[in-house]
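Participant: The following file, my_file.pdb, comprises PDB, C-alpha atoms:
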```pdb
ATOM      1  CA  MET A  18      19.342  54.975  -5.065  1.00  0.00           C
ATOM      2  CA  ALA A  19      18.455  58.658  -4.616  1.00  0.00           C
ATOM      3  CA  TYR A  20      20.195  61.288  -6.725  1.00  0.00           C
ATOM      4  CA  GLU A  21      20.595  64.899  -5.591  1.00  0.00           C
ATOM      5  CA  ARG A  22      19.644  67.636  -7.983  1.00  0.00           C
ATOM      6  CA  SER A  23      22.294  70.176  -8.867  1.00  0.00           C
ATOM      7  CA  PRO A  24      22.761  73.048  -6.412  1.00  0.00           C
ATOM      8  CA  ALA A  25      22.822  76.622  -7.651  1.00  0.00           C
ATOM      9  CA  TYR A  26      25.865  77.527  -9.723  1.00  0.00           C
ATOM     10  CA  LYS A  27      28.397  79.648  -7.837  1.00  0.00           C
ATOM     11  CA  LEU A  28      30.522  82.204  -9.635  1.00  0.00           C
ATOM     12  CA  GLY A  29      33.985  80.829 -10.321  1.00  0.00           C
ATOM     13  CA  GLN A  30      33.248  77.430  -8.818  1.00  0.00           C
ATOM     14  CA  SER A  31      35.965  74.834  -9.355  1.00  0.00           C
ATOM     15  CA  ALA A  32      33.715  71.771  -9.097  1.00  0.00           C
ATOM     16  CA  PRO A  33      32.137  70.537 -12.343  1.00  0.00           C
ATOM     17  CA  TYR A  34      28.569  71.767 -12.769  1.00  0.00           C
ATOM     18  CA  LYS A  35      25.974  69.230 -13.894  1.00  0.00           C
ATOM     19  CA  VAL A  36      23.963  70.204 -16.961  1.00  0.00           C
ATOM     20  CA  SER A  37      21.264  67.916 -18.305  1.00  0.00           C
ATOM     21  CA  ARG A  38      20.270  67.600 -21.932  1.00  0.00           C
ATOM     22  CA  SER A  39      17.008  69.377 -21.077  1.00  0.00           C
ATOM     23  CA  LYS A  40      18.931  72.303 -19.550  1.00  0.00           C
ATOM     24  CA  ILE A  41      20.861  72.688 -22.796  1.00  0.00           C
ATOM     25  CA  GLU A  42      17.524  72.833 -24.589  1.00  0.00           C
ATOM     26  CA  LEU A  43      16.251  75.367 -22.040  1.00  0.00           C
ATOM     27  CA  PHE A  44      19.258  77.593 -22.729  1.00  0.00           C
ATOM     28  CA  THR A  45      18.790  77.421 -26.504  1.00  0.00           C
ATOM     29  CA  GLN A  46      15.186  78.553 -26.059  1.00  0.00           C
ATOM     30  CA  CYS A  47      15.532  81.107 -23.263  1.00  0.00           C
ATOM     31  CA  PRO A  48      18.868  82.081 -21.670  1.00  0.00           C
ATOM     32  CA  ARG A  49      16.971  84.037 -18.999  1.00  0.00           C
ATOM     33  CA  CYS A  50      14.974  81.011 -17.842  1.00  0.00           C
ATOM     34  CA  PHE A  51      18.191  78.969 -17.813  1.00  0.00           C
ATOM     35  CA  TRP A  52      20.044  81.619 -15.791  1.00  0.00           C
ATOM     36  CA  LEU A  53      17.226  81.919 -13.239  1.00  0.00           C
ATOM     37  CA  ASP A  54      17.157  78.137 -12.888  1.00  0.00           C
ATOM     38  CA  ALA A  55      20.906  77.568 -12.643  1.00  0.00           C
ATOM     39  CA  ARG A  56      21.964  80.630 -10.656  1.00  0.00           C
ATOM     40  CA  LEU A  57      18.952  81.193  -8.387  1.00  0.00           C
ATOM     41  CA  LYS A  58      17.078  77.844  -8.607  1.00  0.00           C
ATOM     42  CA  ILE A  59      13.957  79.666  -9.791  1.00  0.00           C
ATOM     43  CA  LYS A  60      12.465  77.034 -12.044  1.00  0.00           C
ATOM     44  CA  ARG A  61       9.743  77.266 -14.630  1.00  0.00           C
ATOM     45  CA  PRO A  62       6.391  75.964 -13.327  1.00  0.00           C
ATOM     46  CA  GLY A  63       6.136  72.225 -13.827  1.00  0.00           C
ATOM     47  CA  SER A  64       3.469  70.332 -15.738  1.00  0.00           C
ATOM     48  CA  PRO A  65       1.824  66.955 -15.120  1.00  0.00           C
ATOM     49  CA  PRO A  66       3.731  63.962 -16.535  1.00  0.00           C
ATOM     50  CA  PHE A  67       2.580  62.423 -19.811  1.00  0.00           C
ATOM     51  CA  ASN A  68       1.901  59.001 -18.326  1.00  0.00           C
ATOM     52  CA  ILE A  69       0.593  57.421 -21.537  1.00  0.00           C
ATOM     53  CA  ASN A  70       3.710  58.526 -23.410  1.00  0.00           C
ATOM     54  CA  LYS A  71       5.866  57.153 -20.601  1.00  0.00           C
ATOM     55  CA  THR A  72       4.015  53.838 -20.778  1.00  0.00           C
ATOM     56  CA  ILE A  73       4.579  53.636 -24.534  1.00  0.00           C
ATOM     57  CA  ASP A  74       8.294  54.287 -23.969  1.00  0.00           C
ATOM     58  CA  GLU A  75       8.500  51.474 -21.425  1.00  0.00           C
ATOM     59  CA  LEU A  76       6.657  49.024 -23.681  1.00  0.00           C
ATOM     60  CA  TYR A  77       8.918  49.871 -26.612  1.00  0.00           C
ATOM     61  CA  LYS A  78      11.941  49.255 -24.408  1.00  0.00           C
ATOM     62  CA  LYS A  79      10.593  45.815 -23.505  1.00  0.00           C
ATOM     63  CA  GLU A  80      10.073  45.032 -27.206  1.00  0.00           C
ATOM     64  CA  PHE A  81      13.558  46.088 -28.238  1.00  0.00           C
ATOM     65  CA  ASP A  82      15.141  44.499 -25.158  1.00  0.00           C
ATOM     66  CA  ALA A  83      13.754  41.099 -26.160  1.00  0.00           C
ATOM     67  CA  HIS A  84      15.580  41.423 -29.486  1.00  0.00           C
ATOM     68  CA  ARG A  85      18.643  42.797 -27.695  1.00  0.00           C
ATOM     69  CA  VAL A  86      18.890  39.608 -25.641  1.00  0.00           C
ATOM     70  CA  ALA A  87      18.315  37.439 -28.713  1.00  0.00           C
ATOM     71  CA  GLY A  88      20.717  39.438 -30.879  1.00  0.00           C
ATOM     72  CA  THR A  89      18.055  39.827 -33.563  1.00  0.00           C
ATOM     73  CA  PRO A  90      16.658  42.851 -35.419  1.00  0.00           C
ATOM     74  CA  HIS A  91      13.289  44.259 -34.395  1.00  0.00           C
ATOM     75  CA  PRO A  92      10.585  43.924 -37.098  1.00  0.00           C
ATOM     76  CA  ILE A  93      10.611  47.702 -37.659  1.00  0.00           C
ATOM     77  CA  MET A  94      14.288  47.442 -38.597  1.00  0.00           C
ATOM     78  CA  VAL A  95      13.564  44.625 -41.024  1.00  0.00           C
ATOM     79  CA  ALA A  96      10.606  46.484 -42.556  1.00  0.00           C
ATOM     80  CA  ASN A  97      12.794  49.557 -43.163  1.00  0.00           C
ATOM     81  CA  ALA A  98      15.875  47.619 -44.350  1.00  0.00           C
ATOM     82  CA  ILE A  99      17.972  48.863 -41.425  1.00  0.00           C
ATOM     83  CA  GLN A 100      21.050  46.670 -41.083  1.00  0.00           C
ATOM     84  CA  ALA A 101      21.269  46.865 -37.310  1.00  0.00           C
ATOM     85  CA  ILE A 102      20.286  45.222 -34.038  1.00  0.00           C
ATOM     86  CA  PRO A 103      19.569  46.677 -30.577  1.00  0.00           C
ATOM     87  CA  TYR A 104      22.887  47.385 -28.865  1.00  0.00           C
ATOM     88  CA  ALA A 105      23.793  45.386 -25.756  1.00  0.00           C
ATOM     89  CA  HIS A 106      26.001  47.153 -23.209  1.00  0.00           C
ATOM     90  CA  ASN A 107      26.512  46.799 -19.460  1.00  0.00           C
ATOM     91  CA  ASP A 108      25.769  50.506 -18.925  1.00  0.00           C
ATOM     92  CA  LEU A 109      22.556  50.618 -20.962  1.00  0.00           C
ATOM     93  CA  ASP A 110      20.282  50.823 -17.894  1.00  0.00           C
ATOM     94  CA  LYS A 111      22.394  53.693 -16.585  1.00  0.00           C
ATOM     95  CA  TRP A 112      22.283  55.425 -19.967  1.00  0.00           C
ATOM     96  CA  ARG A 113      18.484  55.218 -19.902  1.00  0.00           C
ATOM     97  CA  TYR A 114      18.017  56.480 -16.340  1.00  0.00           C
ATOM     98  CA  ASN A 115      17.001  60.139 -16.118  1.00  0.00           C
ATOM     99  CA  PHE A 116      19.318  61.104 -13.260  1.00  0.00           C
ATOM    100  CA  THR A 117      22.444  59.447 -14.655  1.00  0.00           C
ATOM    101  CA  GLY A 118      22.197  58.950 -18.413  1.00  0.00           C
ATOM    102  CA  VAL A 119      25.209  59.060 -20.701  1.00  0.00           C
ATOM    103  CA  THR A 120      27.707  61.480 -19.141  1.00  0.00           C
ATOM    104  CA  ALA A 121      30.687  63.511 -20.292  1.00  0.00           C
ATOM    105  CA  LEU A 122      32.796  66.247 -18.738  1.00  0.00           C
ATOM    106  CA  HIS A 123      33.350  69.130 -21.156  1.00  0.00           C
ATOM    107  CA  ARG A 124      36.753  70.221 -19.877  1.00  0.00           C
ATOM    108  CA  PRO A 125      36.921  73.678 -21.530  1.00  0.00           C
ATOM    109  CA  THR A 126      33.834  74.758 -19.533  1.00  0.00           C
ATOM    110  CA  ASN A 127      33.932  72.249 -16.646  1.00  0.00           C
ATOM    111  CA  LEU A 128      30.301  71.411 -17.407  1.00  0.00           C
ATOM    112  CA  HIS A 129      29.298  67.832 -16.623  1.00  0.00           C
ATOM    113  CA  VAL A 130      26.770  67.028 -19.339  1.00  0.00           C
ATOM    114  CA  PHE A 131      24.338  64.132 -19.125  1.00  0.00           C
ATOM    115  CA  GLY A 132      21.285  62.855 -20.957  1.00  0.00           C
ATOM    116  CA  ALA A 133      19.128  59.722 -20.853  1.00  0.00           C
ATOM    117  CA  VAL A 134      18.688  57.929 -24.175  1.00  0.00           C
ATOM    118  CA  ASP A 135      15.639  55.878 -25.114  1.00  0.00           C
ATOM    119  CA  ASP A 136      17.582  53.317 -27.106  1.00  0.00           C
ATOM    120  CA  VAL A 137      20.833  52.583 -28.899  1.00  0.00           C
ATOM    121  CA  TRP A 138      21.256  50.278 -31.886  1.00  0.00           C
ATOM    122  CA  VAL A 139      24.425  49.096 -33.583  1.00  0.00           C
ATOM    123  CA  ASN A 140      24.847  48.737 -37.344  1.00  0.00           C
ATOM    124  CA  ASP A 141      26.895  46.250 -39.345  1.00  0.00           C
ATOM    125  CA  SER A 142      29.870  48.636 -39.326  1.00  0.00           C
ATOM    126  CA  GLY A 143      29.933  48.734 -35.530  1.00  0.00           C
ATOM    127  CA  GLU A 144      28.622  52.294 -35.344  1.00  0.00           C
ATOM    128  CA  LEU A 145      26.115  53.111 -32.626  1.00  0.00           C
ATOM    129  CA  ILE A 146      22.755  54.509 -33.705  1.00  0.00           C
ATOM    130  CA  VAL A 147      20.856  56.840 -31.372  1.00  0.00           C
ATOM    131  CA  VAL A 148      17.115  56.153 -31.256  1.00  0.00           C
ATOM    132  CA  ASP A 149      14.364  58.188 -29.621  1.00  0.00           C
ATOM    133  CA  TYR A 150      10.758  57.138 -29.067  1.00  0.00           C
ATOM    134  CA  LYS A 151       7.973  59.644 -29.712  1.00  0.00           C
ATOM    135  CA  ALA A 152       4.205  59.277 -29.323  1.00  0.00           C
ATOM    136  CA  THR A 153       1.301  61.476 -30.366  1.00  0.00           C
ATOM    137  CA  SER A 154      -2.233  61.385 -31.740  1.00  0.00           C
ATOM    138  CA  LYS A 155      -3.105  63.388 -34.843  1.00  0.00           C
ATOM    139  CA  ASN A 156      -5.078  62.964 -38.050  1.00  0.00           C
ATOM    140  CA  LYS A 157      -2.128  63.488 -40.366  1.00  0.00           C
ATOM    141  CA  GLU A 158       0.975  61.364 -40.760  1.00  0.00           C
ATOM    142  CA  VAL A 159       3.714  62.053 -38.242  1.00  0.00           C
ATOM    143  CA  SER A 160       6.882  63.870 -39.281  1.00  0.00           C
ATOM    144  CA  ILE A 161       9.674  65.955 -37.743  1.00  0.00           C
ATOM    145  CA  ASP A 162       9.239  68.855 -40.163  1.00  0.00           C
ATOM    146  CA  SER A 163       7.541  71.435 -37.904  1.00  0.00           C
ATOM    147  CA  ASP A 164       9.669  74.336 -36.664  1.00  0.00           C
ATOM    148  CA  TRP A 165       9.111  73.433 -33.010  1.00  0.00           C
ATOM    149  CA  GLN A 166      10.442  69.914 -33.618  1.00  0.00           C
ATOM    150  CA  ILE A 167      13.967  71.265 -33.881  1.00  0.00           C
ATOM    151  CA  SER A 168      14.052  70.426 -30.170  1.00  0.00           C
ATOM    152  CA  TYR A 169      13.662  66.734 -31.111  1.00  0.00           C
ATOM    153  CA  LYS A 170      16.617  67.028 -33.466  1.00  0.00           C
ATOM    154  CA  ARG A 171      18.793  68.789 -30.907  1.00  0.00           C
ATOM    155  CA  GLN A 172      17.878  66.081 -28.405  1.00  0.00           C
ATOM    156  CA  LEU A 173      19.168  63.346 -30.706  1.00  0.00           C
ATOM    157  CA  GLU A 174      22.326  65.325 -31.473  1.00  0.00           C
ATOM    158  CA  VAL A 175      23.174  65.774 -27.789  1.00  0.00           C
ATOM    159  CA  TYR A 176      22.955  62.004 -27.291  1.00  0.00           C
ATOM    160  CA  GLN A 177      25.190  61.453 -30.320  1.00  0.00           C
ATOM    161  CA  TRP A 178      27.725  63.912 -28.909  1.00  0.00           C
ATOM    162  CA  LEU A 179      27.659  62.292 -25.461  1.00  0.00           C
ATOM    163  CA  LEU A 180      28.325  58.828 -26.839  1.00  0.00           C
ATOM    164  CA  ARG A 181      31.169  60.163 -28.983  1.00  0.00           C
ATOM    165  CA  GLN A 182      32.695  61.802 -25.901  1.00  0.00           C
ATOM    166  CA  ASN A 183      32.731  58.329 -24.356  1.00  0.00           C
ATOM    167  CA  GLY A 184      34.829  56.971 -27.210  1.00  0.00           C
ATOM    168  CA  PHE A 185      32.111  55.293 -29.282  1.00  0.00           C
ATOM    169  CA  GLU A 186      31.834  55.441 -33.057  1.00  0.00           C
ATOM    170  CA  VAL A 187      28.403  56.936 -33.657  1.00  0.00           C
ATOM    171  CA  SER A 188      26.482  57.121 -36.916  1.00  0.00           C
ATOM    172  CA  ASN A 189      25.354  60.593 -37.974  1.00  0.00           C
ATOM    173  CA  THR A 190      21.997  59.021 -38.800  1.00  0.00           C
ATOM    174  CA  GLY A 191      19.679  58.429 -35.870  1.00  0.00           C
ATOM    175  CA  TYR A 192      16.037  57.383 -35.826  1.00  0.00           C
ATOM    176  CA  PHE A 193      12.750  58.430 -34.300  1.00  0.00           C
ATOM    177  CA  VAL A 194      10.385  55.560 -33.578  1.00  0.00           C
ATOM    178  CA  TYR A 195       7.292  57.751 -33.887  1.00  0.00           C
ATOM    179  CA  THR A 196       3.911  56.230 -33.056  1.00  0.00           C
ATOM    180  CA  ASN A 197       0.545  57.830 -33.760  1.00  0.00           C
ATOM    181  CA  ALA A 198      -2.710  56.838 -32.034  1.00  0.00           C
ATOM    182  CA  ARG A 199      -5.469  56.385 -34.607  1.00  0.00           C
ATOM    183  CA  LEU A 200      -8.394  58.814 -34.536  1.00  0.00           C
ATOM    184  CA  ASP A 201     -10.354  57.212 -37.388  1.00  0.00           C
ATOM    185  CA  LEU A 202     -11.856  54.360 -35.340  1.00  0.00           C
ATOM    186  CA  ASP A 203     -15.517  54.052 -34.367  1.00  0.00           C
ATOM    187  CA  GLY A 204     -14.902  53.913 -30.643  1.00  0.00           C
ATOM    188  CA  PHE A 205     -12.484  53.403 -27.798  1.00  0.00           C
ATOM    189  CA  GLY A 206     -13.342  49.909 -26.516  1.00  0.00           C
ATOM    190  CA  ASP A 207     -10.714  50.120 -23.763  1.00  0.00           C
ATOM    191  CA  LYS A 208      -7.832  50.145 -26.210  1.00  0.00           C
ATOM    192  CA  LEU A 209      -5.891  52.443 -28.479  1.00  0.00           C
ATOM    193  CA  GLU A 210      -4.522  51.442 -31.858  1.00  0.00           C
ATOM    194  CA  PHE A 211      -1.312  52.954 -33.167  1.00  0.00           C
ATOM    195  CA  TYR A 212       0.558  53.287 -36.423  1.00  0.00           C
ATOM    196  CA  THR A 213       4.335  53.503 -35.973  1.00  0.00           C
ATOM    197  CA  LYS A 214       6.689  55.169 -38.422  1.00  0.00           C
ATOM    198  CA  LEU A 215      10.482  55.019 -38.398  1.00  0.00           C
ATOM    199  CA  ILE A 216      11.890  58.440 -39.275  1.00  0.00           C
ATOM    200  CA  PRO A 217      15.622  58.807 -40.040  1.00  0.00           C
ATOM    201  CA  TYR A 218      17.447  62.000 -39.139  1.00  0.00           C
ATOM    202  CA  THR A 219      21.017  62.946 -40.009  1.00  0.00           C
ATOM    203  CA  GLY A 220      22.347  64.942 -37.098  1.00  0.00           C
ATOM    204  CA  SER A 221      25.280  67.271 -36.549  1.00  0.00           C
ATOM    205  CA  ASP A 222      26.679  67.958 -33.093  1.00  0.00           C
ATOM    206  CA  ALA A 223      28.805  70.910 -34.288  1.00  0.00           C
ATOM    207  CA  TRP A 224      26.606  73.380 -32.373  1.00  0.00           C
ATOM    208  CA  ILE A 225      26.967  71.716 -28.977  1.00  0.00           C
ATOM    209  CA  GLU A 226      30.427  72.796 -27.801  1.00  0.00           C
ATOM    210  CA  PRO A 227      29.915  76.457 -28.835  1.00  0.00           C
ATOM    211  CA  THR A 228      26.589  76.342 -26.983  1.00  0.00           C
ATOM    212  CA  LEU A 229      28.267  74.947 -23.855  1.00  0.00           C
ATOM    213  CA  SER A 230      30.748  77.841 -23.998  1.00  0.00           C
ATOM    214  CA  LYS A 231      27.860  80.315 -24.177  1.00  0.00           C
ATOM    215  CA  MET A 232      26.142  78.563 -21.269  1.00  0.00           C
ATOM    216  CA  LYS A 233      29.310  78.860 -19.182  1.00  0.00           C
ATOM    217  CA  ALA A 234      29.558  82.579 -19.968  1.00  0.00           C
ATOM    218  CA  CYS A 235      25.904  82.966 -18.994  1.00  0.00           C
ATOM    219  CA  LEU A 236      26.516  81.189 -15.678  1.00  0.00           C
ATOM    220  CA  GLU A 237      29.473  83.466 -14.916  1.00  0.00           C
ATOM    221  CA  ASN A 238      27.466  86.643 -15.534  1.00  0.00           C
ATOM    222  CA  ASP A 239      25.652  88.432 -12.707  1.00  0.00           C
ATOM    223  CA  ASP A 240      23.440  90.264 -15.194  1.00  0.00           C
ATOM    224  CA  MET A 241      20.174  88.570 -16.107  1.00  0.00           C
ATOM    225  CA  PRO A 242      20.230  87.682 -19.831  1.00  0.00           C
ATOM    226  CA  PRO A 243      17.544  88.782 -22.304  1.00  0.00           C
ATOM    227  CA  ILE A 244      14.258  86.986 -22.868  1.00  0.00           C
ATOM    228  CA  GLY A 245      14.411  84.095 -25.302  1.00  0.00           C
ATOM    229  CA  THR A 246      11.774  82.456 -27.462  1.00  0.00           C
ATOM    230  CA  ALA A 247       8.906  80.061 -26.832  1.00  0.00           C
ATOM    231  CA  ALA A 248       9.055  76.522 -28.212  1.00  0.00           C
ATOM    232  CA  MET A 249       6.224  77.337 -30.621  1.00  0.00           C
ATOM    233  CA  GLY A 250       7.648  80.750 -31.570  1.00  0.00           C
ATOM    234  CA  GLY A 251       7.345  84.278 -30.201  1.00  0.00           C
ATOM    235  CA  PRO A 252       8.822  85.581 -26.937  1.00  0.00           C
ATOM    236  CA  CYS A 253       9.258  83.180 -24.025  1.00  0.00           C
ATOM    237  CA  GLU A 254       5.789  82.720 -22.557  1.00  0.00           C
ATOM    238  CA  HIS A 255       7.156  82.162 -19.043  1.00  0.00           C
ATOM    239  CA  CYS A 256       9.106  85.429 -19.073  1.00  0.00           C
ATOM    240  CA  SER A 257       6.188  87.268 -20.677  1.00  0.00           C
ATOM    241  CA  TYR A 258       3.830  86.011 -17.978  1.00  0.00           C
ATOM    242  CA  ALA A 259       6.269  86.929 -15.196  1.00  0.00           C
ATOM    243  CA  ARG A 260       6.671  90.443 -16.582  1.00  0.00           C
ATOM    244  CA  ALA A 261       2.938  91.021 -17.055  1.00  0.00           C
ATOM    245  CA  ARG A 262       2.113  89.768 -13.573  1.00  0.00           C
ATOM    246  CA  THR A 263       4.905  91.795 -11.956  1.00  0.00           C
ATOM    247  CA  GLU A 264       3.780  94.980 -13.708  1.00  0.00           C
ATOM    248  CA  LEU A 265       0.177  94.398 -12.645  1.00  0.00           C
ATOM    249  CA  THR A 266       1.207  93.629  -9.066  1.00  0.00           C
ATOM    250  CA  LEU A 267       3.339  96.773  -8.799  1.00  0.00           C
ATOM    251  CA  LYS A 268       0.514  98.832 -10.275  1.00  0.00           C
ATOM    252  CA  HIS A 269      -1.863  97.424  -7.675  1.00  0.00           C
ATOM    253  CA  ILE A 270       0.605  98.110  -4.831  1.00  0.00           C
ATOM    254  CA  ASP A 271       0.923 101.748  -5.942  1.00  0.00           C
ATOM    255  CA  LYS A 272      -2.829 102.136  -5.444  1.00  0.00           C
ATOM    256  CA  LEU A 273      -2.707 100.974  -1.815  1.00  0.00           C
TER     257      LEU A 273
END
```
As structure tokens, please, write out the structure in this file.
Facilitator:
Amino acid sequence: MAYERSPAYKLGQSAPYKVSRSKIELFTQCPRCFWLDARLKIKRPGSPPFNINKTIDELYKKEFDAHRVAGTPHPIMVANAIQAIPYAHNDLDKWRYNFTGVTALHRPTNLHVFGAVDDVWVNDSGELIVVDYKATSKNKEVSIDSDWQISYKRQLEVYQWLLRQNGFEVSNTGYFVYTNARLDLDGFGDKLEFYTKLIPYTGSDAWIEPTLSKMKACLENDDMPPIGTAAMGGPCEHCSYARARTELTLKHIDKL
């Protein structure tokens, strides 16, 4: 089934406006880039997909799905003394699909929020546990301690909020299944070897509804908002590039 992407937001529109988890993240980083995207459909330049990361995600899903069917814990749960099993639900495939995901209408703003989870577990108390898969390759042990990884944490918190909006009891503690391709081997040999670490994170979704209110105000404003920040710090690199190129272009035109 094909899914249409959201049209441009129209001032004062009565129909709910779809906002993905990634668009919430875009707004938190750069309100200007969000406004240009939502109001004028001027999107940031795209980048090639991370196909290896996508493959790892799909293989992890197959692993956890086998235990979901069997009703048994995955070995990584056992190794980390997590009293939980993969959660079985009729809507799980929908929750995982990028263009549907877990959805909720935020009535105060009329924003229809959605986001696709990697996985959901359930603990012995019946609480759902949000799980996200991450993959990288670095010499040091993986963590979520870098400043730029706040986006990972916000991602998990949005999923927690979405599930709560659907009436589920959700644990504040979620997990990152974070795998790291080894660089200390002698060669490639047509295979990569990974070390996987389970990283707990205690989230808080208290920031989400105030952020949605700010997003709505941004959408209803005809004035372009200020430049935000780049994921790695400093001013938004997309806005900085656009400004530098525009200034250079105008300078060149003046010489003609």
Participant: If you apply the PyMOL selection byres ((chain A and resi 240-246) around 6) to this file, what residues do you get, as a list in words?
Facilitator: Gln46, Cys47, Arg49, Asn238, Asp239, Ala247, Gly251, Pro252 and Cys253 of chain A
Participant: List, as a PyMOL selection string, every residue that the PyMOL selection byres ((chain A and resi 62-67) around 12) selects in the file provided.
Facilitator: chain A and resi 50+54+58-61+68-74+151-153+254-256+258-259
Participant: Please report the interatomic distance between atom CA of A:Leu122 and atom CA of A:Tyr176 in Å with one decimal.
Facilitator: 13.7 Å
Participant: Determine the residue membership of the PyMOL selection byres ((chain A and resi 194) around 9) for the file above and supply it as a ChimeraX atom specification.
Facilitator: /A:93,148-152,192-193,195-196,213-217
Participant: Given the selection you just returned, output its residues as a file containing C-alpha atoms, formatted as a PDB file, keeping the file's coordinate frame.
Facilitator:
```pdb
ATOM      1  CA  ILE A  93      10.611  47.702 -37.659  1.00  0.00           C
ATOM      2  CA  VAL A 148      17.115  56.153 -31.256  1.00  0.00           C
ATOM      3  CA  ASP A 149      14.364  58.188 -29.621  1.00  0.00           C
ATOM      4  CA  TYR A 150      10.758  57.138 -29.067  1.00  0.00           C
ATOM      5  CA  LYS A 151       7.973  59.644 -29.712  1.00  0.00           C
ATOM      6  CA  ALA A 152       4.205  59.277 -29.323  1.00  0.00           C
ATOM      7  CA  TYR A 192      16.037  57.383 -35.826  1.00  0.00           C
ATOM      8  CA  PHE A 193      12.750  58.430 -34.300  1.00  0.00           C
ATOM      9  CA  TYR A 195       7.292  57.751 -33.887  1.00  0.00           C
ATOM     10  CA  THR A 196       3.911  56.230 -33.056  1.00  0.00           C
ATOM     11  CA  THR A 213       4.335  53.503 -35.973  1.00  0.00           C
ATOM     12  CA  LYS A 214       6.689  55.169 -38.422  1.00  0.00           C
ATOM     13  CA  LEU A 215      10.482  55.019 -38.398  1.00  0.00           C
ATOM     14  CA  ILE A 216      11.890  58.440 -39.275  1.00  0.00           C
ATOM     15  CA  PRO A 217      15.622  58.807 -40.040  1.00  0.00           C
TER      16      PRO A 217
END
```
Participant: My list of candidates is A:Lys79, A:Lys231, A:Lys155, A:Arg113. Which is closest to A:Thr45 when distances are computed with all atoms listed in the file?
Facilitator: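 Looking only at the distances to A:Thr45, the closest residue turns out to be A:Lys231.
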Participant: Measuring atom to atom with all atoms listed in the file, identify which of A:Val137, A:Leu173, A:Leu202, A:Leu28 is nearest to A:Cys235.
Facilitator: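 The closest residue to A:Cys235 is A:Leu28.
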Participant: Just checking: using only C-alpha atoms, which residue out of A:Gly184, A:Pro103, A:Gly220, A:Pro125 ends up closest to A:His91?
Facilitator: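 When distances to A:His91 are compared using only C-alpha atoms, the smallest one comes from A:Pro103.
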Participant: Show me that you can extract stretch 73-88 of chain A, keeping N, CA and C atoms, and write it as an mmCIF file, in the first residue's frame.
Facilitator:
```cif
data_model
loop_
_atom_site.group_PDB
_atom_site.id
_atom_site.type_symbol
_atom_site.label_atom_id
_atom_site.label_comp_id
_atom_site.auth_asym_id
_atom_site.auth_seq_id
_atom_site.Cartn_x
_atom_site.Cartn_y
_atom_site.Cartn_z
ATOM 1 N N ILE A 73 21.087 -4.722 9.602
ATOM 2 C CA ILE A 73 21.245 -5.146 10.997
ATOM 3 C C ILE A 73 19.913 -5.038 11.731
ATOM 4 N N ASP A 74 19.185 -3.945 11.493
ATOM 5 C CA ASP A 74 17.858 -3.792 12.108
ATOM 6 C C ASP A 74 16.944 -4.955 11.740
ATOM 7 N N GLU A 75 16.921 -5.301 10.457
ATOM 8 C CA GLU A 75 16.027 -6.368 10.002
ATOM 9 C C GLU A 75 16.421 -7.718 10.600
ATOM 10 N N LEU A 76 17.719 -7.966 10.711
ATOM 11 C CA LEU A 76 18.168 -9.240 11.287
ATOM 12 C C LEU A 76 17.854 -9.312 12.779
ATOM 13 N N TYR A 77 18.005 -8.188 13.468
ATOM 14 C CA TYR A 77 17.627 -8.162 14.887
ATOM 15 C C TYR A 77 16.135 -8.432 15.050
ATOM 16 N N LYS A 78 15.332 -7.858 14.177
ATOM 17 C CA LYS A 78 13.888 -8.083 14.262
ATOM 18 C C LYS A 78 13.555 -9.561 14.084
ATOM 19 N N LYS A 79 14.253 -10.218 13.159
ATOM 20 C CA LYS A 79 14.022 -11.655 12.961
ATOM 21 C C LYS A 79 14.393 -12.440 14.223
ATOM 22 N N GLU A 80 15.517 -12.063 14.838
ATOM 23 C CA GLU A 80 15.952 -12.732 16.077
ATOM 24 C C GLU A 80 14.896 -12.596 17.173
ATOM 25 N N PHE A 81 14.497 -11.355 17.419
ATOM 26 C CA PHE A 81 13.544 -11.113 18.506
ATOM 27 C C PHE A 81 12.161 -11.662 18.172
ATOM 28 N N ASP A 82 11.804 -11.659 16.879
ATOM 29 C CA ASP A 82 10.501 -12.205 16.489
ATOM 30 C C ASP A 82 10.408 -13.703 16.762
ATOM 31 N N ALA A 83 11.519 -14.414 16.590
ATOM 32 C CA ALA A 83 11.511 -15.853 16.879
ATOM 33 C C ALA A 83 11.177 -16.097 18.348
ATOM 34 N N HIS A 84 11.730 -15.264 19.226
ATOM 35 C CA HIS A 84 11.426 -15.390 20.658
ATOM 36 C C HIS A 84 10.035 -14.846 20.976
ATOM 37 N N ARG A 85 9.565 -13.909 20.171
ATOM 38 C CA ARG A 85 8.212 -13.376 20.361
ATOM 39 C C ARG A 85 7.181 -14.486 20.120
ATOM 40 N N VAL A 86 7.393 -15.237 19.050
ATOM 41 C CA VAL A 86 6.488 -16.342 18.724
ATOM 42 C C VAL A 86 6.541 -17.422 19.801
ATOM 43 N N ALA A 87 7.753 -17.692 20.285
ATOM 44 C CA ALA A 87 7.927 -18.752 21.291
ATOM 45 C C ALA A 87 7.547 -18.301 22.696
ATOM 46 N N GLY A 88 7.446 -16.980 22.895
ATOM 47 C CA GLY A 88 7.146 -16.473 24.233
ATOM 48 C C GLY A 88 8.306 -16.621 25.188
#
```
